[in-house]
Every structure is written in structure tokens, then in C-alpha cells.
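Novice: Pasting a structure below so you can have a look.
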Amino acid sequence: MKYDKNNIFAKILRGEIPCNKVYENEYVLSFYDINPKKKIHILVIPKGEYIDLDHFNATASEKEIIEFTKSITHITKMLKISSNENGYRVLTNIGKDGGQEVPHLHHHIFGGEAVGKMVV
């Protein structure tokens, strides 16, 4: 699959669509989901053109991988839902059977309340 430069996250990264930003650095952008499933529902996306986690891990630089992974801890500490607080869940959907809707790698961070069972 080829990366779709017109997916909604690509448009957000280019500034064509606004977002309610939580955190940003050279490699990562995070923002509130426009259709939240929990009290806190954040999306974390790499700034590079990566379709899913498999594509990212196969082609991203070591620095991109480290920054993307570390951003989760940084964001959860900022939002006071880290493991030192009540905790959170990170979810990544990959491919059709995994429920991925946007063909740009993204993690969902859920918190601020009990998240519930792992899979429903």
C-alpha cells in the first residue's frame, strides 16, 4: 500500500485542518480526538509518512521511533494520567482487520476514567 498524502492526518500535519494540540515536537504531533470515546482521548501521530506500525518500524529512523515511543510517557505525564496516577490505555489499530480507519500510523491514548475491558 502506498501512503495517501490526502488522509486527514496528513492534512492536519500540513495545517489544512485544525486540531486541538496537546503536544508537538520535531517528530510527533498529538491532539484531542474529535470523537472521544473516553474522558481523555488523544491521538499521537508521527510527522513522517507512515501507513501503520509495521511500515513505521520497518522504515522510520531510530530517532523517530524513540521520539514516537517516548511521547506517550511525556503526554500521559502532562495530562496527569501516567502510571504514577490512575493509568491509561494505548491502542493502535493496524490494517482492515485491526480496525484502522486512517492510513497514517496513530496511537490512541485513553484515560481520565476507567477504560474497561481490553476487547469488547
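Chain labels run A, B, ... following the order of the C-alpha cells; each chain numbers its residues from 1, and ligands are numbered from 1 in the order shown.
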Pick out each residue of stretch 50-116 of chain A that DSSP on the backbone tags as strand (DSSP E); I need them as a PyMOL selection string.
Specialist: chain A and resi 88-91+107-111
Novice: For the structure I just gave you, how does DSSP split stretch 2-108 of chain A - specifically, which residues are alpha helix (DSSP H)? Reply as a PyMOL selection string.
Specialist: chain A and resi 8-13+53-59+62-78
Novice: Generate the output file for the selected residues, N, CA, C and O atoms, as a CSV table (one decimal), in the first residue's frame.
Specialist:
```
chain,number,residue,atom,x,y,z
A,8,ILE,N,-6.7,12.4,6.4
A,8,ILE,CA,-7.0,13.5,7.3
A,8,ILE,C,-5.8,13.9,8.2
A,8,ILE,O,-5.5,15.1,8.5
A,9,PHE,N,-4.9,13.0,8.6
A,9,PHE,CA,-3.8,13.3,9.5
A,9,PHE,C,-2.7,14.0,8.7
A,9,PHE,O,-2.0,14.9,9.2
A,10,ALA,N,-2.5,13.7,7.4
A,10,ALA,CA,-1.6,14.4,6.6
A,10,ALA,C,-2.1,15.8,6.4
A,10,ALA,O,-1.2,16.8,6.5
A,11,LYS,N,-3.4,16.0,6.3
A,11,LYS,CA,-3.9,17.4,6.2
A,11,LYS,C,-3.7,18.2,7.5
A,11,LYS,O,-3.4,19.4,7.4
A,12,ILE,N,-3.9,17.5,8.6
A,12,ILE,CA,-3.7,18.2,9.9
A,12,ILE,C,-2.2,18.6,10.0
A,12,ILE,O,-1.9,19.7,10.4
A,13,LEU,N,-1.3,17.7,9.6
A,13,LEU,CA,0.1,18.0,9.7
A,13,LEU,C,0.5,19.2,8.8
A,13,LEU,O,1.4,19.9,9.2
A,53,LEU,N,2.0,0.7,12.0
A,53,LEU,CA,3.1,0.4,12.9
A,53,LEU,C,4.2,-0.4,12.2
A,53,LEU,O,5.4,-0.2,12.4
A,54,ASP,N,3.7,-1.4,11.4
A,54,ASP,CA,4.7,-2.2,10.6
A,54,ASP,C,5.5,-1.4,9.7
A,54,ASP,O,6.8,-1.6,9.6
A,55,HIS,N,4.9,-0.5,8.9
A,55,HIS,CA,5.6,0.4,8.0
A,55,HIS,C,6.6,1.3,8.7
A,55,HIS,O,7.7,1.4,8.3
A,56,PHE,N,6.1,1.8,9.8
A,56,PHE,CA,6.9,2.7,10.7
A,56,PHE,C,8.2,2.0,11.2
A,56,PHE,O,9.3,2.5,11.0
A,57,ASN,N,8.0,0.8,11.8
A,57,ASN,CA,9.1,0.1,12.4
A,57,ASN,C,10.1,-0.4,11.3
A,57,ASN,O,11.3,-0.5,11.6
A,58,ALA,N,9.6,-0.6,10.1
A,58,ALA,CA,10.5,-1.1,9.0
A,58,ALA,C,11.3,0.0,8.3
A,58,ALA,O,12.4,-0.2,7.8
A,59,THR,N,10.7,1.3,8.4
A,59,THR,CA,11.4,2.3,7.6
A,59,THR,C,11.7,3.6,8.3
A,59,THR,O,12.5,4.4,7.8
A,62,GLU,N,15.8,5.6,13.7
A,62,GLU,CA,15.9,5.2,15.1
A,62,GLU,C,15.4,6.4,16.0
A,62,GLU,O,14.6,6.2,16.9
A,63,LYS,N,15.7,7.6,15.6
A,63,LYS,CA,15.3,8.8,16.4
A,63,LYS,C,13.8,9.0,16.3
A,63,LYS,O,13.2,9.3,17.3
A,64,GLU,N,13.2,8.7,15.1
A,64,GLU,CA,11.7,8.8,15.0
A,64,GLU,C,11.0,7.8,15.9
A,64,GLU,O,10.0,8.1,16.6
A,65,ILE,N,11.5,6.6,15.9
A,65,ILE,CA,10.9,5.5,16.7
A,65,ILE,C,11.0,5.9,18.2
A,65,ILE,O,10.1,5.7,18.9
A,66,ILE,N,12.2,6.3,18.6
A,66,ILE,CA,12.4,6.7,20.0
A,66,ILE,C,11.5,7.8,20.4
A,66,ILE,O,10.8,7.8,21.5
A,67,GLU,N,11.5,8.9,19.6
A,67,GLU,CA,10.6,10.0,19.9
A,67,GLU,C,9.1,9.7,20.0
A,67,GLU,O,8.4,10.2,20.8
A,68,PHE,N,8.7,8.9,19.0
A,68,PHE,CA,7.3,8.5,19.0
A,68,PHE,C,6.9,7.7,20.2
A,68,PHE,O,5.9,8.0,20.9
A,69,THR,N,7.8,6.8,20.6
A,69,THR,CA,7.5,5.9,21.8
A,69,THR,C,7.6,6.8,23.1
A,69,THR,O,6.7,6.7,23.9
A,70,LYS,N,8.6,7.6,23.2
A,70,LYS,CA,8.7,8.4,24.4
A,70,LYS,C,7.6,9.4,24.6
A,70,LYS,O,7.3,9.9,25.7
A,71,SER,N,7.0,9.9,23.4
A,71,SER,CA,6.0,10.9,23.5
A,71,SER,C,4.8,10.4,24.3
A,71,SER,O,4.1,11.2,25.0
A,72,ILE,N,4.5,9.1,24.3
A,72,ILE,CA,3.4,8.6,25.1
A,72,ILE,C,3.6,8.9,26.6
A,72,ILE,O,2.7,9.4,27.2
A,73,THR,N,4.8,8.6,27.1
A,73,THR,CA,5.0,8.9,28.5
A,73,THR,C,5.0,10.4,28.8
A,73,THR,O,4.4,10.8,29.8
A,74,HIS,N,5.5,11.2,27.9
A,74,HIS,CA,5.5,12.6,28.1
A,74,HIS,C,4.1,13.1,28.1
A,74,HIS,O,3.7,13.9,29.0
A,75,ILE,N,3.3,12.7,27.2
A,75,ILE,CA,1.9,13.2,27.1
A,75,ILE,C,1.1,12.7,28.3
A,75,ILE,O,0.3,13.5,28.9
A,76,THR,N,1.2,11.5,28.7
A,76,THR,CA,0.4,11.0,29.9
A,76,THR,C,0.8,11.7,31.2
A,76,THR,O,0.0,11.9,32.0
A,77,LYS,N,2.1,12.0,31.3
A,77,LYS,CA,2.5,12.8,32.5
A,77,LYS,C,1.9,14.2,32.4
A,77,LYS,O,1.5,14.7,33.4
A,78,MET,N,1.9,14.8,31.2
A,78,MET,CA,1.3,16.2,31.1
A,78,MET,C,-0.1,16.2,31.5
A,78,MET,O,-0.6,17.1,32.1
```
Novice: From the list A:Ala114, A:Asp52, A:Lys2, A:Leu29, which residue is nearest A:Gly99 when using only C-alpha atoms?
Specialist: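 The answer is A:Asp52, which sits nearest to A:Gly99.
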Novice: Can you work out which one of A:Pro103, A:Pro36, A:Gly87, A:Gly98 has the shortest atom-to-atom distance to A:Tyr50, counting only C-alpha atoms?
Specialist: A:Pro103
Novice: Nearest residue to A:Asn7 out of A:Asn84, A:Glu49, A:Met118, A:Gly112, using only C-alpha atoms?
Specialist: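 Using only C-alpha atoms, the shortest distance to A:Asn7 belongs to A:Glu49.
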Novice: Find the residue from A:Tyr88, A:Glu101, A:Tyr27, A:Asn93 that sits nearest to A:Lys39; use only C-alpha atoms when measuring.
Specialist: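 Answer, going by the shortest atom-to-atom distance: A:Tyr88.
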